>>> print(open('upload_3.cif').read())   # mmCIF, N, CA and C atoms
data_query
#
loop_
_atom_site.label_atom_id
_atom_site.label_comp_id
_atom_site.auth_asym_id
_atom_site.auth_seq_id
_atom_site.Cartn_x
_atom_site.Cartn_y
_atom_site.Cartn_z
N MET X 1 -31.06 113.20 -37.61
CA MET X 1 -30.91 112.26 -38.69
C MET X 1 -29.51 112.35 -39.29
N PHE X 2 -29.06 113.56 -39.59
CA PHE X 2 -27.75 113.72 -40.21
C PHE X 2 -26.66 114.02 -39.18
N SER X 3 -26.97 113.93 -37.90
CA SER X 3 -25.99 114.30 -36.88
C SER X 3 -24.84 113.29 -36.85
N ARG X 4 -23.68 113.77 -36.47
CA ARG X 4 -22.49 112.95 -36.42
C ARG X 4 -22.47 112.15 -35.12
N PRO X 5 -21.81 110.99 -35.11
CA PRO X 5 -21.72 110.22 -33.87
C PRO X 5 -20.85 110.93 -32.84
N SER X 6 -20.91 110.44 -31.61
CA SER X 6 -20.15 111.04 -30.52
C SER X 6 -18.66 111.01 -30.81
N ARG X 7 -17.99 112.12 -30.57
CA ARG X 7 -16.55 112.28 -30.74
C ARG X 7 -16.09 112.15 -32.19
N LYS X 8 -17.00 112.35 -33.14
CA LYS X 8 -16.65 112.31 -34.55
C LYS X 8 -16.97 113.63 -35.23
N HIS X 9 -17.20 114.68 -34.47
CA HIS X 9 -17.52 115.98 -35.04
C HIS X 9 -16.25 116.63 -35.61
N GLY X 10 -16.44 117.68 -36.36
CA GLY X 10 -15.30 118.42 -36.88
C GLY X 10 -15.07 118.16 -38.35
N ALA X 11 -13.87 118.45 -38.79
CA ALA X 11 -13.53 118.35 -40.20
C ALA X 11 -13.56 116.91 -40.68
N VAL X 12 -13.81 116.75 -41.97
CA VAL X 12 -13.84 115.42 -42.57
C VAL X 12 -12.41 114.92 -42.70
N THR X 13 -12.19 113.64 -42.39
CA THR X 13 -10.84 113.09 -42.47
C THR X 13 -10.41 112.97 -43.94
N LEU X 14 -9.11 113.04 -44.17
CA LEU X 14 -8.60 112.98 -45.53
C LEU X 14 -8.79 111.62 -46.17
N ALA X 15 -8.92 110.57 -45.35
CA ALA X 15 -9.13 109.24 -45.90
C ALA X 15 -10.44 109.17 -46.69
N THR X 16 -11.39 110.02 -46.32
CA THR X 16 -12.66 110.07 -47.05
C THR X 16 -12.44 110.49 -48.49
N TYR X 17 -11.55 111.42 -48.71
CA TYR X 17 -11.31 111.96 -50.05
C TYR X 17 -10.31 111.12 -50.85
N THR X 18 -9.45 110.36 -50.18
CA THR X 18 -8.42 109.60 -50.88
C THR X 18 -8.84 108.17 -51.19
N ARG X 19 -10.02 107.76 -50.74
CA ARG X 19 -10.50 106.41 -51.01
C ARG X 19 -10.71 106.22 -52.50
N ILE X 20 -10.33 105.05 -53.01
CA ILE X 20 -10.41 104.77 -54.45
C ILE X 20 -11.70 104.02 -54.74
N TYR X 21 -12.43 104.50 -55.73
CA TYR X 21 -13.66 103.85 -56.17
C TYR X 21 -13.46 103.33 -57.58
N ARG X 22 -13.81 102.06 -57.80
CA ARG X 22 -13.68 101.47 -59.13
C ARG X 22 -15.00 100.84 -59.53
N LYS X 23 -15.41 101.08 -60.77
CA LYS X 23 -16.63 100.46 -61.25
C LYS X 23 -16.38 99.01 -61.60
N GLY X 24 -17.42 98.20 -61.45
CA GLY X 24 -17.31 96.78 -61.77
C GLY X 24 -16.71 96.01 -60.62
N GLY X 25 -17.06 94.74 -60.54
CA GLY X 25 -16.54 93.92 -59.47
C GLY X 25 -17.56 93.76 -58.37
N GLU X 26 -17.09 93.20 -57.26
CA GLU X 26 -18.01 92.84 -56.19
C GLU X 26 -18.13 93.90 -55.11
N VAL X 27 -17.37 95.00 -55.20
CA VAL X 27 -17.40 95.99 -54.13
C VAL X 27 -17.98 97.32 -54.57
N ASP X 28 -18.81 97.33 -55.60
CA ASP X 28 -19.36 98.61 -56.05
C ASP X 28 -20.74 98.87 -55.45
N ILE X 29 -21.01 98.31 -54.28
CA ILE X 29 -22.25 98.58 -53.56
C ILE X 29 -21.91 99.57 -52.45
N VAL X 30 -22.65 100.68 -52.38
CA VAL X 30 -22.33 101.73 -51.42
C VAL X 30 -23.57 102.12 -50.62
N ASP X 31 -23.35 102.65 -49.42
CA ASP X 31 -24.40 103.21 -48.58
C ASP X 31 -24.33 104.72 -48.69
N ILE X 32 -25.49 105.36 -48.75
CA ILE X 32 -25.57 106.81 -48.75
C ILE X 32 -25.84 107.24 -47.32
N LYS X 33 -24.97 108.09 -46.79
CA LYS X 33 -25.10 108.51 -45.41
C LYS X 33 -24.90 110.02 -45.36
N GLY X 34 -25.97 110.75 -45.06
CA GLY X 34 -25.88 112.20 -44.98
C GLY X 34 -24.97 112.61 -43.84
N MET X 35 -24.11 113.59 -44.09
CA MET X 35 -23.18 114.04 -43.06
C MET X 35 -23.26 115.56 -43.00
N SER X 36 -23.57 116.08 -41.82
CA SER X 36 -23.83 117.51 -41.69
C SER X 36 -22.56 118.34 -41.58
N THR X 37 -21.40 117.72 -41.54
CA THR X 37 -20.15 118.48 -41.47
C THR X 37 -19.98 119.36 -42.70
N VAL X 38 -20.30 118.82 -43.87
CA VAL X 38 -20.23 119.58 -45.11
C VAL X 38 -21.66 119.82 -45.56
N GLN X 39 -22.05 121.11 -45.63
CA GLN X 39 -23.45 121.41 -45.91
C GLN X 39 -23.79 121.35 -47.40
N LYS X 40 -22.82 121.61 -48.27
CA LYS X 40 -23.11 121.62 -49.70
C LYS X 40 -23.32 120.19 -50.20
N GLY X 41 -24.28 120.04 -51.08
CA GLY X 41 -24.51 118.74 -51.70
C GLY X 41 -25.15 117.72 -50.80
N MET X 42 -25.97 118.16 -49.82
CA MET X 42 -26.64 117.19 -48.94
C MET X 42 -27.70 116.44 -49.74
N PRO X 43 -27.81 115.13 -49.56
CA PRO X 43 -28.86 114.39 -50.27
C PRO X 43 -30.21 114.65 -49.61
N TYR X 44 -31.26 114.49 -50.38
CA TYR X 44 -32.60 114.58 -49.82
C TYR X 44 -32.74 113.51 -48.75
N ASN X 45 -33.49 113.79 -47.67
CA ASN X 45 -33.46 112.91 -46.50
C ASN X 45 -34.00 111.51 -46.78
N TYR X 46 -34.73 111.29 -47.86
CA TYR X 46 -35.18 109.93 -48.18
C TYR X 46 -33.98 109.02 -48.46
N TYR X 47 -32.94 109.56 -49.07
CA TYR X 47 -31.82 108.75 -49.50
C TYR X 47 -30.84 108.43 -48.38
N HIS X 48 -31.02 109.02 -47.20
CA HIS X 48 -30.14 108.75 -46.07
C HIS X 48 -30.31 107.30 -45.63
N GLY X 49 -29.23 106.52 -45.64
CA GLY X 49 -29.27 105.12 -45.22
C GLY X 49 -29.62 104.15 -46.33
N ILE X 50 -29.78 104.63 -47.56
CA ILE X 50 -30.15 103.77 -48.67
C ILE X 50 -28.89 103.17 -49.29
N THR X 51 -29.01 101.92 -49.71
CA THR X 51 -27.89 101.22 -50.36
C THR X 51 -28.13 101.17 -51.86
N GLY X 52 -27.10 101.42 -52.62
CA GLY X 52 -27.21 101.39 -54.08
C GLY X 52 -25.90 100.98 -54.72
N LYS X 53 -25.93 100.92 -56.04
CA LYS X 53 -24.76 100.52 -56.81
C LYS X 53 -24.31 101.72 -57.63
N PHE X 54 -23.01 102.03 -57.63
CA PHE X 54 -22.61 103.23 -58.36
C PHE X 54 -22.35 102.91 -59.82
N TYR X 55 -22.69 103.89 -60.66
CA TYR X 55 -22.59 103.72 -62.11
C TYR X 55 -21.68 104.76 -62.74
N ASN X 56 -21.36 105.84 -62.03
CA ASN X 56 -20.57 106.92 -62.62
C ASN X 56 -19.68 107.50 -61.53
N ILE X 57 -18.46 107.85 -61.90
CA ILE X 57 -17.52 108.43 -60.95
C ILE X 57 -16.97 109.71 -61.56
N THR X 58 -17.10 110.81 -60.82
CA THR X 58 -16.51 112.08 -61.24
C THR X 58 -15.50 112.50 -60.18
N GLN X 59 -14.95 113.71 -60.32
CA GLN X 59 -13.92 114.14 -59.38
C GLN X 59 -14.46 114.31 -57.96
N HIS X 60 -15.66 114.85 -57.83
CA HIS X 60 -16.18 115.19 -56.52
C HIS X 60 -17.43 114.42 -56.13
N ALA X 61 -17.97 113.62 -57.03
CA ALA X 61 -19.23 112.94 -56.74
C ALA X 61 -19.25 111.56 -57.37
N ILE X 62 -20.22 110.78 -56.92
CA ILE X 62 -20.41 109.44 -57.44
C ILE X 62 -21.88 109.30 -57.81
N GLY X 63 -22.15 108.79 -59.01
CA GLY X 63 -23.52 108.52 -59.43
C GLY X 63 -23.95 107.16 -58.90
N VAL X 64 -25.08 107.14 -58.19
CA VAL X 64 -25.55 105.91 -57.55
C VAL X 64 -26.94 105.58 -58.08
N VAL X 65 -27.16 104.30 -58.39
CA VAL X 65 -28.48 103.82 -58.79
C VAL X 65 -29.12 103.18 -57.57
N ILE X 66 -30.31 103.69 -57.19
CA ILE X 66 -31.03 103.11 -56.06
C ILE X 66 -32.43 102.76 -56.52
N ASN X 67 -33.08 101.87 -55.78
CA ASN X 67 -34.47 101.51 -56.06
C ASN X 67 -35.37 102.27 -55.10
N LYS X 68 -36.36 102.97 -55.66
CA LYS X 68 -37.29 103.74 -54.85
C LYS X 68 -38.71 103.34 -55.22
N GLU X 69 -39.54 103.07 -54.22
CA GLU X 69 -40.92 102.71 -54.47
C GLU X 69 -41.75 103.98 -54.60
N VAL X 70 -42.42 104.14 -55.75
CA VAL X 70 -43.27 105.29 -56.02
C VAL X 70 -44.61 104.77 -56.51
N LYS X 71 -45.66 105.01 -55.74
CA LYS X 71 -47.02 104.59 -56.08
C LYS X 71 -47.09 103.11 -56.43
N GLY X 72 -46.45 102.29 -55.62
CA GLY X 72 -46.52 100.84 -55.81
C GLY X 72 -45.55 100.28 -56.83
N LYS X 73 -44.84 101.14 -57.55
CA LYS X 73 -43.86 100.67 -58.52
C LYS X 73 -42.46 100.96 -58.00
N ILE X 74 -41.52 100.09 -58.32
CA ILE X 74 -40.13 100.29 -57.91
C ILE X 74 -39.38 100.87 -59.10
N LEU X 75 -38.88 102.09 -58.92
CA LEU X 75 -38.16 102.78 -59.98
C LEU X 75 -36.67 102.81 -59.67
N ALA X 76 -35.86 102.66 -60.69
CA ALA X 76 -34.41 102.79 -60.54
C ALA X 76 -34.07 104.27 -60.68
N LYS X 77 -33.68 104.90 -59.59
CA LYS X 77 -33.36 106.33 -59.60
C LYS X 77 -31.85 106.47 -59.65
N ARG X 78 -31.39 107.44 -60.44
CA ARG X 78 -29.96 107.73 -60.54
C ARG X 78 -29.72 109.10 -59.91
N ILE X 79 -28.92 109.11 -58.86
CA ILE X 79 -28.63 110.37 -58.18
C ILE X 79 -27.12 110.53 -58.08
N ASN X 80 -26.67 111.78 -58.03
CA ASN X 80 -25.26 112.07 -57.84
C ASN X 80 -25.06 112.50 -56.39
N VAL X 81 -24.12 111.86 -55.72
CA VAL X 81 -23.89 112.09 -54.30
C VAL X 81 -22.42 112.45 -54.09
N CYS X 82 -22.17 113.45 -53.26
CA CYS X 82 -20.80 113.84 -52.94
C CYS X 82 -20.05 112.70 -52.26
N ILE X 83 -18.75 112.69 -52.41
CA ILE X 83 -17.92 111.60 -51.88
C ILE X 83 -18.01 111.51 -50.36
N GLU X 84 -18.23 112.65 -49.68
CA GLU X 84 -18.30 112.63 -48.21
C GLU X 84 -19.48 111.80 -47.71
N ARG X 85 -20.51 111.67 -48.53
CA ARG X 85 -21.73 110.98 -48.08
C ARG X 85 -21.77 109.52 -48.51
N ILE X 86 -20.68 108.97 -49.02
CA ILE X 86 -20.65 107.60 -49.53
C ILE X 86 -19.70 106.77 -48.68
N LYS X 87 -20.11 105.53 -48.40
CA LYS X 87 -19.18 104.57 -47.81
C LYS X 87 -19.50 103.19 -48.36
N TYR X 88 -18.48 102.36 -48.48
CA TYR X 88 -18.69 101.03 -49.01
C TYR X 88 -19.60 100.23 -48.09
N CYS X 89 -20.47 99.43 -48.69
CA CYS X 89 -21.42 98.63 -47.93
C CYS X 89 -20.74 97.34 -47.48
N LYS X 90 -20.85 97.02 -46.20
CA LYS X 90 -20.21 95.83 -45.65
C LYS X 90 -21.18 94.66 -45.54
N SER X 91 -22.43 94.84 -45.96
CA SER X 91 -23.43 93.81 -45.72
C SER X 91 -23.16 92.53 -46.51
N SER X 92 -22.52 92.62 -47.66
CA SER X 92 -22.31 91.43 -48.47
C SER X 92 -20.96 90.76 -48.21
N ASP X 93 -20.17 91.28 -47.28
CA ASP X 93 -18.85 90.70 -47.02
C ASP X 93 -18.95 89.26 -46.53
N GLY X 94 -19.89 89.00 -45.63
CA GLY X 94 -20.04 87.64 -45.10
C GLY X 94 -20.43 86.65 -46.19
N PHE X 95 -21.33 87.09 -47.07
CA PHE X 95 -21.76 86.22 -48.17
C PHE X 95 -20.60 85.94 -49.12
N LEU X 96 -19.84 86.98 -49.48
CA LEU X 96 -18.71 86.78 -50.40
C LEU X 96 -17.65 85.88 -49.79
N LYS X 97 -17.44 86.01 -48.48
CA LYS X 97 -16.48 85.14 -47.79
C LYS X 97 -16.94 83.68 -47.84
N GLN X 98 -18.25 83.47 -47.64
CA GLN X 98 -18.80 82.12 -47.69
C GLN X 98 -18.67 81.53 -49.09
N VAL X 99 -18.89 82.34 -50.12
CA VAL X 99 -18.77 81.86 -51.50
C VAL X 99 -17.33 81.40 -51.80
N LYS X 100 -16.36 82.20 -51.35
CA LYS X 100 -14.96 81.83 -51.58
C LYS X 100 -14.58 80.55 -50.85
N GLU X 101 -15.06 80.41 -49.59
CA GLU X 101 -14.78 79.18 -48.84
C GLU X 101 -15.43 77.98 -49.50
N ASN X 102 -16.66 78.14 -49.99
CA ASN X 102 -17.35 77.03 -50.65
C ASN X 102 -16.61 76.61 -51.92
N ASP X 103 -16.11 77.57 -52.69
CA ASP X 103 -15.36 77.24 -53.90
C ASP X 103 -14.10 76.45 -53.56
N GLN X 104 -13.42 76.88 -52.51
CA GLN X 104 -12.20 76.18 -52.10
C GLN X 104 -12.52 74.77 -51.61
N ASN X 105 -13.58 74.63 -50.79
CA ASN X 105 -13.95 73.31 -50.28
C ASN X 105 -14.40 72.39 -51.42
N ARG X 106 -15.13 72.94 -52.41
CA ARG X 106 -15.59 72.14 -53.54
C ARG X 106 -14.39 71.66 -54.35
N LYS X 107 -13.39 72.53 -54.52
CA LYS X 107 -12.20 72.16 -55.30
C LYS X 107 -11.42 71.04 -54.60
N GLU X 108 -11.26 71.17 -53.26
CA GLU X 108 -10.55 70.14 -52.51
C GLU X 108 -11.30 68.81 -52.53
N ALA X 109 -12.63 68.86 -52.41
CA ALA X 109 -13.42 67.63 -52.42
C ALA X 109 -13.37 66.96 -53.79
N LYS X 110 -13.32 67.76 -54.85
CA LYS X 110 -13.25 67.19 -56.19
C LYS X 110 -11.92 66.48 -56.41
N GLU X 111 -10.84 67.04 -55.86
CA GLU X 111 -9.53 66.40 -55.98
C GLU X 111 -9.49 65.07 -55.23
N LYS X 112 -10.13 65.05 -54.04
CA LYS X 112 -10.15 63.82 -53.24
C LYS X 112 -11.20 62.83 -53.73
N GLY X 113 -12.17 63.32 -54.50
CA GLY X 113 -13.24 62.45 -54.98
C GLY X 113 -14.28 62.17 -53.92
N SER X 114 -14.47 63.10 -52.99
CA SER X 114 -15.44 62.92 -51.91
C SER X 114 -16.52 63.99 -51.98
N TRP X 115 -17.54 63.84 -51.13
CA TRP X 115 -18.65 64.78 -51.07
C TRP X 115 -18.45 65.71 -49.88
N VAL X 116 -18.80 66.97 -50.03
CA VAL X 116 -18.65 67.93 -48.94
C VAL X 116 -19.94 68.73 -48.81
N GLN X 117 -20.32 69.04 -47.56
CA GLN X 117 -21.52 69.83 -47.27
C GLN X 117 -21.17 71.31 -47.45
N LEU X 118 -21.86 71.99 -48.39
CA LEU X 118 -21.58 73.39 -48.66
C LEU X 118 -22.65 74.32 -48.13
N LYS X 119 -23.82 73.79 -47.76
CA LYS X 119 -24.88 74.64 -47.26
C LYS X 119 -24.56 75.11 -45.85
N HIS X 120 -25.10 76.28 -45.53
CA HIS X 120 -24.88 76.85 -44.19
C HIS X 120 -25.57 75.98 -43.15
N GLN X 121 -24.83 75.59 -42.12
CA GLN X 121 -25.38 74.77 -41.05
C GLN X 121 -25.55 75.61 -39.80
N PRO X 122 -26.70 75.51 -39.14
CA PRO X 122 -26.87 76.27 -37.89
C PRO X 122 -25.96 75.72 -36.80
N ALA X 123 -25.71 76.54 -35.80
CA ALA X 123 -24.83 76.12 -34.71
C ALA X 123 -25.46 74.95 -33.98
N PRO X 124 -24.70 73.90 -33.68
CA PRO X 124 -25.28 72.74 -33.00
C PRO X 124 -25.62 73.07 -31.55
N ALA X 125 -26.44 72.21 -30.95
CA ALA X 125 -26.82 72.40 -29.55
C ALA X 125 -25.61 72.16 -28.66
N ARG X 126 -25.63 72.76 -27.48
CA ARG X 126 -24.51 72.58 -26.56
C ARG X 126 -24.49 71.16 -26.02
N GLU X 127 -23.32 70.72 -25.63
CA GLU X 127 -23.15 69.39 -25.06
C GLU X 127 -23.87 69.32 -23.72
N ALA X 128 -24.38 68.12 -23.38
CA ALA X 128 -25.04 67.93 -22.09
C ALA X 128 -23.99 67.98 -20.98
N HIS X 129 -24.34 68.61 -19.86
CA HIS X 129 -23.41 68.72 -18.75
C HIS X 129 -24.19 68.86 -17.45
N PHE X 130 -23.51 68.61 -16.33
CA PHE X 130 -24.10 68.73 -15.01
C PHE X 130 -23.72 70.07 -14.41
N LEU X 131 -24.64 70.64 -13.64
CA LEU X 131 -24.36 71.88 -12.93
C LEU X 131 -24.08 71.56 -11.47
N ARG X 132 -23.09 72.20 -10.90
CA ARG X 132 -22.79 72.02 -9.48
C ARG X 132 -23.63 73.00 -8.67
N THR X 133 -24.26 72.50 -7.61
CA THR X 133 -25.09 73.37 -6.77
C THR X 133 -24.36 73.75 -5.49
N HIS X 134 -23.21 73.15 -5.23
CA HIS X 134 -22.40 73.44 -4.04
C HIS X 134 -23.22 73.30 -2.77
N GLY X 135 -24.01 72.22 -2.67
CA GLY X 135 -24.77 71.92 -1.45
C GLY X 135 -26.08 72.66 -1.33
N LYS X 136 -26.42 73.54 -2.23
CA LYS X 136 -27.68 74.27 -2.16
C LYS X 136 -28.75 73.54 -2.96
N GLU X 137 -29.97 73.60 -2.48
CA GLU X 137 -31.08 72.96 -3.18
C GLU X 137 -31.54 73.86 -4.33
N PRO X 138 -31.77 73.32 -5.52
CA PRO X 138 -32.25 74.15 -6.62
C PRO X 138 -33.63 74.74 -6.32
N GLU X 139 -33.83 75.98 -6.74
CA GLU X 139 -35.09 76.68 -6.48
C GLU X 139 -35.93 76.67 -7.76
N LEU X 140 -37.21 76.30 -7.60
CA LEU X 140 -38.11 76.23 -8.73
C LEU X 140 -38.80 77.57 -8.90
N LEU X 141 -38.70 78.16 -10.07
CA LEU X 141 -39.32 79.45 -10.34
C LEU X 141 -40.59 79.23 -11.15
N GLU X 142 -41.69 79.86 -10.72
CA GLU X 142 -42.97 79.76 -11.42
C GLU X 142 -43.54 81.15 -11.61
N PRO X 143 -44.36 81.35 -12.65
CA PRO X 143 -44.98 82.67 -12.81
C PRO X 143 -46.03 82.91 -11.74
N VAL X 144 -46.21 84.18 -11.37
CA VAL X 144 -47.22 84.54 -10.38
C VAL X 144 -48.59 84.45 -11.05
N PRO X 145 -49.58 83.76 -10.45
CA PRO X 145 -50.89 83.66 -11.08
C PRO X 145 -51.58 85.01 -11.17
N TYR X 146 -52.30 85.22 -12.26
CA TYR X 146 -52.98 86.49 -12.48
C TYR X 146 -54.24 86.56 -11.63
N GLU X 147 -54.43 87.65 -10.91
CA GLU X 147 -55.62 87.86 -10.10
C GLU X 147 -56.34 89.10 -10.62
N PHE X 148 -57.63 88.92 -10.94
CA PHE X 148 -58.42 90.05 -11.42
C PHE X 148 -58.97 90.80 -10.24
N MET X 149 -58.69 92.08 -10.16
CA MET X 149 -59.18 92.90 -9.05
C MET X 149 -60.16 93.90 -9.61
N ALA X 150 -61.42 93.84 -9.12
CA ALA X 150 -62.44 94.74 -9.63
C ALA X 150 -62.63 95.93 -8.72
#
>>> encode(input="upload_3.cif", output="structure tokens")
Amino acid sequence: MFSRPSRKHGAVTLATYTRIYRKGGEVDIVDIKGMSTVQKGMPYNYYHGITGKFYNITQHAIGVVINKEVKGKILAKRINVCIERIKYCKSSDGFLKQVKENDQNRKEAKEKGSWVQLKHQPAPAREAHFLRTHGKEPELLEPVPYEFMA
């Protein structure tokens, strides 16, 4: 569970310790990831892989608020996690990028006085095209009929 990926064993890189954390804004969502390189301050295994929002920053740890289901109720738990076990969550990057693009498109459409589609559109179907068989006859594939053997 807490094992390191292939070729990532050994000492923790200095970039882990020099990363800047700021409260407030759109990037204060973090993932808790247990790392066995540093044994002190390991989180309880339930919190491994959990995403939360940080509320407190100290020199060596970050306070994270996570939601935990206990007996059918969802409780907001506040835990302190060492900096080595924290990484910024990338799951909302696509959404934030879409929001910025929509704002820009809305602004441009308002200047032109036109309407613009802002909702996410699925990828359209591929264009119709012919396949070359190079003189070979196409082969029809069918499932093998089921035979009951007693």
>>> atom_distance(input="upload_3.cif", atom1="atom N of X:Gln117", atom2="atom C of X:Asn105")
7.8 Å
>>> closest_residue(input="upload_3.cif", among="X:Val30, X:Ala109, X:Val144, X:Val81", to="X:Ile50", atoms="all atoms listed in the file")
X:Val30
>>> resolve_selection(input="upload_3.cif", expression="the PyMOL selection byres (((chain X and resi 57 and name CA) around 10) and name CA)", output="number ranges by chain")
X: 21-23, 54-56, 58-64, 80-81, 83
>>> write_last_selection(input="upload_3.cif", atoms="N, CA and C atoms", output="PDB file, keeping the file's coordinate frame")
ATOM      1  N   TYR X  21     -12.430 104.500 -55.730  1.00  0.00           N
ATOM      2  CA  TYR X  21     -13.660 103.850 -56.170  1.00  0.00           C
ATOM      3  C   TYR X  21     -13.460 103.330 -57.580  1.00  0.00           C
ATOM      4  N   ARG X  22     -13.810 102.060 -57.800  1.00  0.00           N
ATOM      5  CA  ARG X  22     -13.680 101.470 -59.130  1.00  0.00           C
ATOM      6  C   ARG X  22     -15.000 100.840 -59.530  1.00  0.00           C
ATOM      7  N   LYS X  23     -15.410 101.080 -60.770  1.00  0.00           N
ATOM      8  CA  LYS X  23     -16.630 100.460 -61.250  1.00  0.00           C
ATOM      9  C   LYS X  23     -16.380  99.010 -61.600  1.00  0.00           C
ATOM     10  N   PHE X  54     -23.010 102.030 -57.630  1.00  0.00           N
ATOM     11  CA  PHE X  54     -22.610 103.230 -58.360  1.00  0.00           C
ATOM     12  C   PHE X  54     -22.350 102.910 -59.820  1.00  0.00           C
ATOM     13  N   TYR X  55     -22.690 103.890 -60.660  1.00  0.00           N
ATOM     14  CA  TYR X  55     -22.590 103.720 -62.110  1.00  0.00           C
ATOM     15  C   TYR X  55     -21.680 104.760 -62.740  1.00  0.00           C
ATOM     16  N   ASN X  56     -21.360 105.840 -62.030  1.00  0.00           N
ATOM     17  CA  ASN X  56     -20.570 106.920 -62.620  1.00  0.00           C
ATOM     18  C   ASN X  56     -19.680 107.500 -61.530  1.00  0.00           C
ATOM     19  N   THR X  58     -17.100 110.810 -60.820  1.00  0.00           N
ATOM     20  CA  THR X  58     -16.510 112.080 -61.240  1.00  0.00           C
ATOM     21  C   THR X  58     -15.500 112.500 -60.180  1.00  0.00           C
ATOM     22  N   GLN X  59     -14.950 113.710 -60.320  1.00  0.00           N
ATOM     23  CA  GLN X  59     -13.920 114.140 -59.380  1.00  0.00           C
ATOM     24  C   GLN X  59     -14.460 114.310 -57.960  1.00  0.00           C
ATOM     25  N   HIS X  60     -15.660 114.850 -57.830  1.00  0.00           N
ATOM     26  CA  HIS X  60     -16.180 115.190 -56.520  1.00  0.00           C
ATOM     27  C   HIS X  60     -17.430 114.420 -56.130  1.00  0.00           C
ATOM     28  N   ALA X  61     -17.970 113.620 -57.030  1.00  0.00           N
ATOM     29  CA  ALA X  61     -19.230 112.940 -56.740  1.00  0.00           C
ATOM     30  C   ALA X  61     -19.250 111.560 -57.370  1.00  0.00           C
ATOM     31  N   ILE X  62     -20.220 110.780 -56.920  1.00  0.00           N
ATOM     32  CA  ILE X  62     -20.410 109.440 -57.440  1.00  0.00           C
ATOM     33  C   ILE X  62     -21.880 109.300 -57.810  1.00  0.00           C
ATOM     34  N   GLY X  63     -22.150 108.790 -59.010  1.00  0.00           N
ATOM     35  CA  GLY X  63     -23.520 108.520 -59.430  1.00  0.00           C
ATOM     36  C   GLY X  63     -23.950 107.160 -58.900  1.00  0.00           C
ATOM     37  N   VAL X  64     -25.080 107.140 -58.190  1.00  0.00           N
ATOM     38  CA  VAL X  64     -25.550 105.910 -57.550  1.00  0.00           C
ATOM     39  C   VAL X  64     -26.940 105.580 -58.080  1.00  0.00           C
ATOM     40  N   ASN X  80     -26.670 111.780 -58.030  1.00  0.00           N
ATOM     41  CA  ASN X  80     -25.260 112.070 -57.840  1.00  0.00           C
ATOM     42  C   ASN X  80     -25.060 112.500 -56.390  1.00  0.00           C
ATOM     43  N   VAL X  81     -24.120 111.860 -55.720  1.00  0.00           N
ATOM     44  CA  VAL X  81     -23.890 112.090 -54.300  1.00  0.00           C
ATOM     45  C   VAL X  81     -22.420 112.450 -54.090  1.00  0.00           C
ATOM     46  N   ILE X  83     -18.750 112.690 -52.410  1.00  0.00           N
ATOM     47  CA  ILE X  83     -17.920 111.600 -51.880  1.00  0.00           C
ATOM     48  C   ILE X  83     -18.010 111.510 -50.360  1.00  0.00           C
TER      49      ILE X  83
END
>>> select_by_dssp(input="upload_3.cif", residues="stretch 4-148 of chain X", states="strand (DSSP E or B)", output="PyMOL selection string")
chain X and resi 29-32+51-57+61-70+73-82+86-88
>>> atom_distance(input="upload_3.cif", atom1="atom C of X:Pro5", atom2="atom CA of X:Val38")
15.0 Å
>>> atom_distance(input="upload_3.cif", atom1="atom N of X:Ile29", atom2="atom CA of X:Asp93")
10.7 Å
>>> build_atoms(input="upload_3.cif", residues="stretch 36-44 of chain X", atoms="N, CA, C and O atoms", output="mmCIF file, in the coordinates of the input")
data_model
loop_
_atom_site.group_PDB
_atom_site.id
_atom_site.type_symbol
_atom_site.label_atom_id
_atom_site.label_comp_id
_atom_site.auth_asym_id
_atom_site.auth_seq_id
_atom_site.Cartn_x
_atom_site.Cartn_y
_atom_site.Cartn_z
ATOM 1 N N SER X 36 -23.570 116.080 -41.820
ATOM 2 C CA SER X 36 -23.830 117.510 -41.690
ATOM 3 C C SER X 36 -22.560 118.340 -41.580
ATOM 4 O O SER X 36 -22.641 119.557 -41.537
ATOM 5 N N THR X 37 -21.400 117.720 -41.540
ATOM 6 C CA THR X 37 -20.150 118.480 -41.470
ATOM 7 C C THR X 37 -19.980 119.360 -42.700
ATOM 8 O O THR X 37 -19.562 120.506 -42.594
ATOM 9 N N VAL X 38 -20.300 118.820 -43.870
ATOM 10 C CA VAL X 38 -20.230 119.580 -45.110
ATOM 11 C C VAL X 38 -21.660 119.820 -45.560
ATOM 12 O O VAL X 38 -22.400 118.883 -45.827
ATOM 13 N N GLN X 39 -22.050 121.110 -45.630
ATOM 14 C CA GLN X 39 -23.450 121.410 -45.910
ATOM 15 C C GLN X 39 -23.790 121.350 -47.400
ATOM 16 O O GLN X 39 -24.909 121.067 -47.769
ATOM 17 N N LYS X 40 -22.820 121.610 -48.270
ATOM 18 C CA LYS X 40 -23.110 121.620 -49.700
ATOM 19 C C LYS X 40 -23.320 120.190 -50.200
ATOM 20 O O LYS X 40 -22.601 119.279 -49.813
ATOM 21 N N GLY X 41 -24.280 120.040 -51.080
ATOM 22 C CA GLY X 41 -24.510 118.740 -51.700
ATOM 23 C C GLY X 41 -25.150 117.720 -50.800
ATOM 24 O O GLY X 41 -24.919 116.526 -50.962
ATOM 25 N N MET X 42 -25.970 118.160 -49.820
ATOM 26 C CA MET X 42 -26.640 117.190 -48.940
ATOM 27 C C MET X 42 -27.700 116.440 -49.740
ATOM 28 O O MET X 42 -28.440 117.052 -50.511
ATOM 29 N N PRO X 43 -27.810 115.130 -49.560
ATOM 30 C CA PRO X 43 -28.860 114.390 -50.270
ATOM 31 C C PRO X 43 -30.210 114.650 -49.610
ATOM 32 O O PRO X 43 -30.282 114.999 -48.436
ATOM 33 N N TYR X 44 -31.260 114.490 -50.380
ATOM 34 C CA TYR X 44 -32.600 114.580 -49.820
ATOM 35 C C TYR X 44 -32.740 113.510 -48.750
ATOM 36 O O TYR X 44 -32.163 112.419 -48.877
#
